[in-house]
Protein chains: 4
Amino acid sequence: MRLMLERSLLLIVDMQAGLMRVIEHGEQATTEAAWLGGLAGELEVPVWITEQYPEGLGGSEPHLLEALPGCRLWQKVHFDAHAEPAFASALAESGKRQIVLCGTEAHICVMQTGLGLLEAGYEVYWLVEATASRRAAEAVLAKERMVQAGAVPVSADMVAYEWLHRCDNARFKQAHRRFLRPRAGRTLIF
Amino acid sequence: MRLMLERSLLLIVDMQAGLMRVIEHGEQATTEAAWLGGLAGELEVPVWITEQYPEGLGGSEPHLLEALPGCRLWQKVHFDAHAEPAFASALAESGKRQIVLCGTEAHICVMQTGLGLLEAGYEVYWLVEATASRRAAEAVLAKERMVQAGAVPVSADMVAYEWLHRCDNARFKQAHRRFLRPRAGRTLIF
Amino acid sequence: MRLMLERSLLLIVDMQAGLMRVIEHGEQATTEAAWLGGLAGELEVPVWITEQYPEGLGGSEPHLLEALPGCRLWQKVHFDAHAEPAFASALAESGKRQIVLCGTEAHICVMQTGLGLLEAGYEVYWLVEATASRRAAEAVLAKERMVQAGAVPVSADMVAYEWLHRCDNARFKQAHRRFLRPRAGRTLIF
Amino acid sequence: MRLMLERSLLLIVDMQAGLMRVIEHGEQATTEAAWLGGLAGELEVPVWITEQYPEGLGGSEPHLLEALPGCRLWQKVHFDAHAEPAFASALAESGKRQIVLCGTEAHICVMQTGLGLLEAGYEVYWLVEATASRRAAEAVLAKERMVQAGAVPVSADMVAYEWLHRCDNARFKQAHRRFLRPRAGRTLIF
């Protein structure tokens with residue numbers, strides 16, 4: 001299984017200001033989600049963002065929303081976004097079958113959403129460096145469980161190069177200059 | 001595969017006083033088993049506890065029993081609890097098909113019980129932070145073998161949020177206040 | 001998959017004096033293979049030992065042979081013992097279908113033998129703490145590949161308690177006194 | 001699944017001078033690829049090398065090409081070599097079905113090539129110590145994903161001994177003297 005540009009959608013789960021403060025590696029997770037969201041926007045891959053109970057936990061990280069002006073915002077009360085009927089219908093109608101998934105907390109809302117998507121027949125790509133929990137070890141366990149369930153573990157770099165597919169066109173050259181090259185030297189924790 | 005409240009049973013294997021003293025991370029294992037057992041009680045999920053040969057090894061940890069007044073106690077001579085006919089019949093009669101499994105020693109009685117449950121067609125959820133062995137590395141190996149055999153590795157937090165399913169009702173609010181919030185900042189070894 | 005006493009055979013691959021000197025954790029591997037071989041002898045589980053080209057590499061570790069007086073010795077020129085017709089016939093005739101496998105080097109002769117056994121339809125149990133290579137990381141990789149191919153990773157303690165099955169008979173009490181208790185406190189690297 | 005000499009081909013992906021400078025463990029990767037390529041040459045296993053867009057990234061590492069005089073060189077613009085029609089046809093015509101794969105970057109061109117080969121029905125053997133990325137953790141993730149997709153993780157030593165199969169002939173003795181023995185003491189990172 002690998003990603004194709006036309007079949008992909010990026011789903012960022014619950015990166016809310018009130019939650020991110022207590023997340024281990026939370027800053028990296030937000031930065032990298034915003035980075036891939038920016039490239040997605042450039043390549044016309046839809047970017048969707050969920051918020052869990054924003055009345056209590058607050059809205060999404062402001063700089064995530066600023067970086068992703070074209071994103072679509074969803075609010076939910078189920079930990080699994082796919083358990084919300086309006087979300088599930090809209091996703092089915094989007095026609096996209098490959099969901100690149102990231103957010104917080106890895107082992108609660110991201111994982112439950114991923115399991116819901118797998119049960120509904122979507123391909124799920126688990127974006128490791130942009131998925132985090134309060135305890136980093138619990139994000140690792142969530143990844144292990146999702147891989148066992150059939151999700152594909154990916155890095156943002158993997159996703160980018162699979163979307164781009166070849167290097168001899170203007171699309172790659174522009175993406176390379178604006179996204180790939182500036183990030184190449186960045187130190188990341190996986 | 002994921003947990004549903006109505007289909008779940010929590011099984012705590014052989015957390016006996018005479019054994020726990022020599023178990024690496026044994027104190028964490030008992031504390032977390034008691035924590036999830038408390039939530040299970042609140043949510044009307046049955047909690048069962050086994051004891052291996054209590055004449056020799058002593059009974060269950062006293063503070064585990066105190067924390068779980070509604071639990072059901074089983075004694076056994078087979079390392080695999082499911083090899084005891086009375087236990088196997090009662091479990092089948094309970095109607096529960098999803099067994100959250102923890103205890104000691106991970107690589108002996110917990111693992112053999114887990115393999116017995118899988119062979120009998122149950123779903124087995126291996127509760128990582130409440131499952132331990134004399135040598136921690138042997139608990140890791142037991143987890144690896146159980147995952148290969150089809151068990152799902154989980155944390156207590158995963159279990160709790162799967163049982164609770166959504167955040168907009170009184171059940172969640174009470175569980176959050178009494179169980180989830182107090183534990184959120186706890187440091188754990190997985 | 002789990003072990004049953006009557007269906008088991010312990011196969012120790014190429015623990016030869018000339019090779020063991022350069023093996024990382026080689027001393028532990030020999031000690032633990034001898035320990036499980038001793039218990040196997042007590043429980044009437046056959047113990048077989050192979051030697052790769054002993055004219056060049058020297059015979060088996062002397063204290064391994066001393067500890068296992070009832071073992072059966074095989075010499076081979078293929079890295080995969082099962083590629084030797086006499087060995088393959090004798091193993092088929094033994095009627096044993098569950099092979100507990102250990103020895104050196106993990107990623108050469110033990111692994112090739114394990115792959116040969118799996119292809120021939122045997123269940124293979126990879127005994128982690130008694131399987132070693134010159135570079136420990138290469139033994140880890142061999143284990144990973146064998147697990148992917150269908151072998152079950154086990155510790156000697158797991159094997160012992162699966163063979164013994166229950167604790168309320170004379171066989172267990174004797175095995176506990178002579179084998180399990182003396183080893184319980186031993187520090188091991190997995 | 002294991003390697004047979006007559007069915008094997010060694011494919012070295014994009015070890016280009018301009019890229020290798022920034023690769024973590026890049027020097028080891030080139031040295032070990034050259035080592036296995038040398039043995040492959042001796043055993044008449046074909047060695048193929050790809051180069052991504054050499055106009056921009058420069059040609060292959062000079063000492064890799066010097067070490068492998070009989071290799072076949074391919075240039076490509078797709079990250080996945082198998083997406084190049086000429087390469088795919090030639091590989092099909094070679095009759096080889098077991099591809100030992102290594103190179104850089106692990107998580108981009110090596111991984112995409114490996115996924116392409118798996119989709120086309122080849123067996124893929126992922127050569128761990130000769131496959132690297134700018135960030136070592138991203139090479140580890142690539143390996144994990146490839147194993148999930150069905151590739152077999154191998155070390156160069158595993159490959160060599162599977163190709164050689166037995167130790168009692170002139171071919172082994174010569175390979176041992178020229179390749180296996182000189183490398184035996186080398187420290188490697190897996």
# chains A, B, ... in the order shown; residues from 1 in each chain; ligands from 1

$ closest_atom_pairs --of "chain C" --to "chain D" --cutoff "7 Å" --atoms "only C-alpha atoms" --output "JSON lines"
{"residue": "C:Val77", "atom": "CA", "partner": "D:Arg166", "partner_atom": "CA", "distance": 5.6}
{"residue": "C:His78", "atom": "CA", "partner": "D:Arg166", "partner_atom": "CA", "distance": 4.1}
{"residue": "C:Phe79", "atom": "CA", "partner": "D:Arg166", "partner_atom": "CA", "distance": 5.7}
{"residue": "C:His107", "atom": "CA", "partner": "D:Met158", "partner_atom": "CA", "distance": 6.0}
{"residue": "C:Ile108", "atom": "CA", "partner": "D:Met158", "partner_atom": "CA", "distance": 6.0}
{"residue": "C:Ala137", "atom": "CA", "partner": "D:Phe190", "partner_atom": "CA", "distance": 6.5}
{"residue": "C:Arg145", "atom": "CA", "partner": "D:Pro153", "partner_atom": "CA", "distance": 6.3}

$ write_last_selection --atoms "all heavy atoms" --output "short mmCIF file (atom, residue, chain, number, x, y, z; two decimals), in the first residue's frame"
data_model
loop_
_atom_site.label_atom_id
_atom_site.label_comp_id
_atom_site.auth_asym_id
_atom_site.auth_seq_id
_atom_site.Cartn_x
_atom_site.Cartn_y
_atom_site.Cartn_z
N VAL C 77 27.29 -30.48 6.92
CA VAL C 77 28.06 -29.56 6.07
C VAL C 77 27.17 -28.44 5.52
O VAL C 77 27.66 -27.39 5.12
CB VAL C 77 28.77 -30.29 4.90
CG1 VAL C 77 29.85 -31.21 5.45
CG2 VAL C 77 27.76 -31.06 4.05
N HIS C 78 25.86 -28.68 5.48
CA HIS C 78 24.94 -27.60 5.14
C HIS C 78 24.73 -26.72 6.37
O HIS C 78 24.66 -27.24 7.49
CB HIS C 78 23.57 -28.16 4.71
CG HIS C 78 23.61 -28.88 3.41
ND1 HIS C 78 23.93 -30.22 3.33
CD2 HIS C 78 23.40 -28.45 2.14
CE1 HIS C 78 23.89 -30.59 2.05
NE2 HIS C 78 23.58 -29.54 1.31
N PHE C 79 24.57 -25.43 6.15
CA PHE C 79 24.28 -24.55 7.29
C PHE C 79 22.93 -24.93 7.89
O PHE C 79 22.74 -24.91 9.09
CB PHE C 79 24.35 -23.09 6.84
CG PHE C 79 25.66 -22.77 6.17
CD1 PHE C 79 25.71 -22.31 4.85
CD2 PHE C 79 26.86 -22.96 6.85
CE1 PHE C 79 26.91 -22.05 4.23
CE2 PHE C 79 28.08 -22.69 6.23
CZ PHE C 79 28.10 -22.24 4.92
N HIS C 107 22.15 -15.98 13.11
CA HIS C 107 21.72 -15.51 11.79
C HIS C 107 22.24 -16.39 10.65
O HIS C 107 21.98 -16.09 9.48
CB HIS C 107 22.17 -14.06 11.58
CG HIS C 107 23.65 -13.93 11.46
ND1 HIS C 107 24.51 -14.13 12.51
CD2 HIS C 107 24.45 -13.62 10.40
CE1 HIS C 107 25.75 -13.94 12.12
NE2 HIS C 107 25.74 -13.63 10.84
N ILE C 108 22.98 -17.44 10.98
CA ILE C 108 23.48 -18.32 9.91
C ILE C 108 22.86 -19.71 10.11
O ILE C 108 21.79 -19.99 9.58
CB ILE C 108 25.03 -18.36 9.91
CG1 ILE C 108 25.60 -16.93 9.75
CG2 ILE C 108 25.52 -19.26 8.78
CD1 ILE C 108 27.12 -16.85 9.87
N ALA C 137 23.54 -7.68 17.56
CA ALA C 137 22.50 -7.06 16.75
C ALA C 137 22.05 -7.98 15.61
O ALA C 137 20.91 -7.91 15.15
CB ALA C 137 23.00 -5.73 16.18
N ARG C 145 13.45 -11.85 11.78
CA ARG C 145 13.12 -12.53 10.53
C ARG C 145 12.40 -13.86 10.78
O ARG C 145 11.46 -14.22 10.06
CB ARG C 145 14.41 -12.76 9.74
CG ARG C 145 14.17 -13.44 8.43
CD ARG C 145 15.37 -13.39 7.52
NE ARG C 145 15.21 -14.29 6.41
CZ ARG C 145 16.18 -14.66 5.59
NH1 ARG C 145 17.39 -14.17 5.76
NH2 ARG C 145 15.96 -15.50 4.60
#

$ closest_residue --among "C:Val47, C:Met20, C:Leu127, C:Leu36" --to "Leu91 of chain C" --atoms "only C-alpha atoms"
C:Val47

$ residues_around --residues "Ala90 of chain C" --least-positions-apart "5" --cutoff "12 Å" --atoms "only C-alpha atoms" --output "MDAnalysis selection string"
chainID C and resid 48 72:74 81:82 84:85 95:96

$ closest_residue --among "B:Phe87, B:Asp14, B:Ala175, B:Glu119" --to "Ala29 of chain B" --atoms "only C-alpha atoms"
B:Asp14

$ closest_residue --among "C:Glu6, C:Glu105, C:Glu42, C:Glu123" --to "Lys143 of chain C" --atoms "only C-alpha atoms"
C:Glu105

$ residues_around --residues "Arg97 of chain A" --least-positions-apart "6" --cutoff "9 Å" --atoms "only C-alpha atoms" --output "ChimeraX atom specification"
/A:7-9,91,121-124

$ write_last_selection --atoms "C-alpha atoms" --output "compact mmCIF listing (two decimals), in the first residue's frame"
# COMPACT_ATOMS: atom_id res chain seq x y z
CA ARG A 7 -6.78 9.51 -3.37
CA SER A 8 -5.37 11.23 -0.26
CA LEU A 9 -6.80 13.35 2.54
CA LEU A 91 -15.69 11.68 4.21
CA GLY A 121 -12.59 0.26 4.80
CA TYR A 122 -10.26 3.25 4.47
CA GLU A 123 -6.49 2.93 4.17
CA VAL A 124 -4.93 4.58 7.21

$ residues_around --residues "Gly56 of chain C" --least-positions-apart "5" --cutoff "12 Å" --atoms "only C-alpha atoms" --output "PyMOL selection string"
(chain C and resi 16-19+51+75-77) or (chain D and resi 167-168+173)

$ residues_around --residues "Leu43 of chain B" --least-positions-apart "3" --cutoff "8 Å" --atoms "only C-alpha atoms" --output "PDB file with N, CA, C and O atoms, in the first residue's frame"
ATOM      1  N   LEU B   5     -17.920  -1.636  26.132  1.00  0.00           N
ATOM      2  CA  LEU B   5     -18.227  -1.787  27.551  1.00  0.00           C
ATOM      3  C   LEU B   5     -18.997  -3.067  27.851  1.00  0.00           C
ATOM      4  O   LEU B   5     -18.647  -3.826  28.766  1.00  0.00           O
ATOM      5  N   LEU B  39     -12.357   1.504  37.980  1.00  0.00           N
ATOM      6  CA  LEU B  39     -13.182   2.058  36.900  1.00  0.00           C
ATOM      7  C   LEU B  39     -14.145   0.995  36.366  1.00  0.00           C
ATOM      8  O   LEU B  39     -15.319   1.282  36.095  1.00  0.00           O
ATOM      9  N   ALA B  40     -13.638  -0.233  36.223  1.00  0.00           N
ATOM     10  CA  ALA B  40     -14.499  -1.322  35.745  1.00  0.00           C
ATOM     11  C   ALA B  40     -15.707  -1.476  36.669  1.00  0.00           C
ATOM     12  O   ALA B  40     -16.848  -1.601  36.199  1.00  0.00           O
TER      13      ALA B  40
END

$ decode --residues "segment 73-84 of chain D" --atoms "all heavy atoms" --output "PDB file, in the first residue's frame"
ATOM      1  N   LEU D  73      24.200  -0.132 -14.934  1.00  0.00           N
ATOM      2  CA  LEU D  73      23.833   1.183 -14.411  1.00  0.00           C
ATOM      3  C   LEU D  73      22.519   1.674 -15.023  1.00  0.00           C
ATOM      4  O   LEU D  73      22.330   1.599 -16.235  1.00  0.00           O
ATOM      5  CB  LEU D  73      24.954   2.159 -14.770  1.00  0.00           C
ATOM      6  CG  LEU D  73      25.276   3.269 -13.769  1.00  0.00           C
ATOM      7  CD1 LEU D  73      25.684   2.704 -12.424  1.00  0.00           C
ATOM      8  CD2 LEU D  73      26.407   4.137 -14.321  1.00  0.00           C
ATOM      9  N   TRP D  74      21.628   2.218 -14.178  1.00  0.00           N
ATOM     10  CA  TRP D  74      20.338   2.725 -14.634  1.00  0.00           C
ATOM     11  C   TRP D  74      20.138   4.144 -14.128  1.00  0.00           C
ATOM     12  O   TRP D  74      20.419   4.429 -12.976  1.00  0.00           O
ATOM     13  CB  TRP D  74      19.194   1.867 -14.079  1.00  0.00           C
ATOM     14  CG  TRP D  74      19.216   0.469 -14.564  1.00  0.00           C
ATOM     15  CD1 TRP D  74      19.867  -0.578 -14.009  1.00  0.00           C
ATOM     16  CD2 TRP D  74      18.558  -0.029 -15.741  1.00  0.00           C
ATOM     17  NE1 TRP D  74      19.665  -1.720 -14.748  1.00  0.00           N
ATOM     18  CE2 TRP D  74      18.863  -1.413 -15.817  1.00  0.00           C
ATOM     19  CE3 TRP D  74      17.757   0.534 -16.724  1.00  0.00           C
ATOM     20  CZ2 TRP D  74      18.379  -2.225 -16.842  1.00  0.00           C
ATOM     21  CZ3 TRP D  74      17.271  -0.279 -17.732  1.00  0.00           C
ATOM     22  CH2 TRP D  74      17.587  -1.630 -17.802  1.00  0.00           C
ATOM     23  N   GLN D  75      19.571   4.986 -14.971  1.00  0.00           N
ATOM     24  CA  GLN D  75      19.198   6.323 -14.523  1.00  0.00           C
ATOM     25  C   GLN D  75      17.679   6.427 -14.492  1.00  0.00           C
ATOM     26  O   GLN D  75      16.991   5.749 -15.245  1.00  0.00           O
ATOM     27  CB  GLN D  75      19.835   7.365 -15.436  1.00  0.00           C
ATOM     28  CG  GLN D  75      21.364   7.286 -15.268  1.00  0.00           C
ATOM     29  CD  GLN D  75      22.145   8.128 -16.228  1.00  0.00           C
ATOM     30  OE1 GLN D  75      21.582   8.780 -17.099  1.00  0.00           O
ATOM     31  NE2 GLN D  75      23.458   8.126 -16.056  1.00  0.00           N
ATOM     32  N   LYS D  76      17.177   7.266 -13.581  1.00  0.00           N
ATOM     33  CA  LYS D  76      15.734   7.289 -13.390  1.00  0.00           C
ATOM     34  C   LYS D  76      15.265   8.671 -12.958  1.00  0.00           C
ATOM     35  O   LYS D  76      16.054   9.458 -12.427  1.00  0.00           O
ATOM     36  CB  LYS D  76      15.297   6.240 -12.360  1.00  0.00           C
ATOM     37  CG  LYS D  76      15.815   6.473 -10.936  1.00  0.00           C
ATOM     38  CD  LYS D  76      15.531   5.251 -10.076  1.00  0.00           C
ATOM     39  CE  LYS D  76      16.014   5.380  -8.662  1.00  0.00           C
ATOM     40  NZ  LYS D  76      15.227   6.195  -7.759  1.00  0.00           N
ATOM     41  N   VAL D  77      13.985   8.949 -13.161  1.00  0.00           N
ATOM     42  CA  VAL D  77      13.380  10.185 -12.663  1.00  0.00           C
ATOM     43  C   VAL D  77      12.263   9.898 -11.654  1.00  0.00           C
ATOM     44  O   VAL D  77      11.914  10.752 -10.850  1.00  0.00           O
ATOM     45  CB  VAL D  77      12.832  11.070 -13.805  1.00  0.00           C
ATOM     46  CG1 VAL D  77      13.983  11.600 -14.672  1.00  0.00           C
ATOM     47  CG2 VAL D  77      11.803  10.327 -14.646  1.00  0.00           C
ATOM     48  N   HIS D  78      11.715   8.694 -11.707  1.00  0.00           N
ATOM     49  CA  HIS D  78      10.769   8.280 -10.665  1.00  0.00           C
ATOM     50  C   HIS D  78      11.557   7.844  -9.439  1.00  0.00           C
ATOM     51  O   HIS D  78      12.615   7.224  -9.560  1.00  0.00           O
ATOM     52  CB  HIS D  78       9.927   7.096 -11.140  1.00  0.00           C
ATOM     53  CG  HIS D  78       8.969   7.442 -12.229  1.00  0.00           C
ATOM     54  ND1 HIS D  78       9.322   7.402 -13.557  1.00  0.00           N
ATOM     55  CD2 HIS D  78       7.666   7.850 -12.178  1.00  0.00           C
ATOM     56  CE1 HIS D  78       8.270   7.768 -14.281  1.00  0.00           C
ATOM     57  NE2 HIS D  78       7.257   8.051 -13.484  1.00  0.00           N
ATOM     58  N   PHE D  79      11.018   8.136  -8.258  1.00  0.00           N
ATOM     59  CA  PHE D  79      11.694   7.656  -7.047  1.00  0.00           C
ATOM     60  C   PHE D  79      11.689   6.125  -7.036  1.00  0.00           C
ATOM     61  O   PHE D  79      12.654   5.504  -6.635  1.00  0.00           O
ATOM     62  CB  PHE D  79      11.024   8.253  -5.812  1.00  0.00           C
ATOM     63  CG  PHE D  79      10.931   9.753  -5.894  1.00  0.00           C
ATOM     64  CD1 PHE D  79       9.706  10.415  -5.871  1.00  0.00           C
ATOM     65  CD2 PHE D  79      12.086  10.516  -6.059  1.00  0.00           C
ATOM     66  CE1 PHE D  79       9.630  11.789  -5.986  1.00  0.00           C
ATOM     67  CE2 PHE D  79      12.021  11.900  -6.177  1.00  0.00           C
ATOM     68  CZ  PHE D  79      10.789  12.543  -6.150  1.00  0.00           C
ATOM     69  N   ASP D  80      10.640   5.522  -7.494  1.00  0.00           N
ATOM     70  CA  ASP D  80      10.520   4.063  -7.604  1.00  0.00           C
ATOM     71  C   ASP D  80      11.136   3.613  -8.925  1.00  0.00           C
ATOM     72  O   ASP D  80      10.586   3.875 -10.000  1.00  0.00           O
ATOM     73  CB  ASP D  80       9.026   3.695  -7.563  1.00  0.00           C
ATOM     74  CG  ASP D  80       8.774   2.235  -7.912  1.00  0.00           C
ATOM     75  OD1 ASP D  80       9.731   1.460  -8.062  1.00  0.00           O
ATOM     76  OD2 ASP D  80       7.580   1.882  -8.038  1.00  0.00           O
ATOM     77  N   ALA D  81      12.260   2.897  -8.852  1.00  0.00           N
ATOM     78  CA  ALA D  81      12.935   2.452 -10.081  1.00  0.00           C
ATOM     79  C   ALA D  81      12.007   1.595 -10.942  1.00  0.00           C
ATOM     80  O   ALA D  81      12.078   1.632 -12.174  1.00  0.00           O
ATOM     81  CB  ALA D  81      14.197   1.665  -9.729  1.00  0.00           C
ATOM     82  N   HIS D  82      11.133   0.844 -10.294  1.00  0.00           N
ATOM     83  CA  HIS D  82      10.269  -0.051 -11.054  1.00  0.00           C
ATOM     84  C   HIS D  82       9.197   0.702 -11.833  1.00  0.00           C
ATOM     85  O   HIS D  82       8.522   0.124 -12.695  1.00  0.00           O
ATOM     86  CB  HIS D  82       9.629  -1.094 -10.118  1.00  0.00           C
ATOM     87  CG  HIS D  82       9.060  -2.253 -10.848  1.00  0.00           C
ATOM     88  ND1 HIS D  82       7.738  -2.348 -11.177  1.00  0.00           N
ATOM     89  CD2 HIS D  82       9.648  -3.359 -11.366  1.00  0.00           C
ATOM     90  CE1 HIS D  82       7.525  -3.469 -11.837  1.00  0.00           C
ATOM     91  NE2 HIS D  82       8.671  -4.106 -11.963  1.00  0.00           N
ATOM     92  N   ALA D  83       9.030   1.987 -11.572  1.00  0.00           N
ATOM     93  CA  ALA D  83       8.110   2.810 -12.367  1.00  0.00           C
ATOM     94  C   ALA D  83       8.731   3.230 -13.700  1.00  0.00           C
ATOM     95  O   ALA D  83       8.035   3.798 -14.546  1.00  0.00           O
ATOM     96  CB  ALA D  83       7.678   4.039 -11.569  1.00  0.00           C
ATOM     97  N   GLU D  84      10.020   2.953 -13.892  1.00  0.00           N
ATOM     98  CA  GLU D  84      10.675   3.232 -15.180  1.00  0.00           C
ATOM     99  C   GLU D  84      10.467   2.022 -16.095  1.00  0.00           C
ATOM    100  O   GLU D  84      10.966   0.931 -15.799  1.00  0.00           O
ATOM    101  CB  GLU D  84      12.181   3.459 -14.979  1.00  0.00           C
ATOM    102  CG  GLU D  84      12.560   4.543 -13.991  1.00  0.00           C
ATOM    103  CD  GLU D  84      12.332   5.961 -14.552  1.00  0.00           C
ATOM    104  OE1 GLU D  84      12.174   6.118 -15.783  1.00  0.00           O
ATOM    105  OE2 GLU D  84      12.281   6.912 -13.740  1.00  0.00           O
TER     106      GLU D  84
END
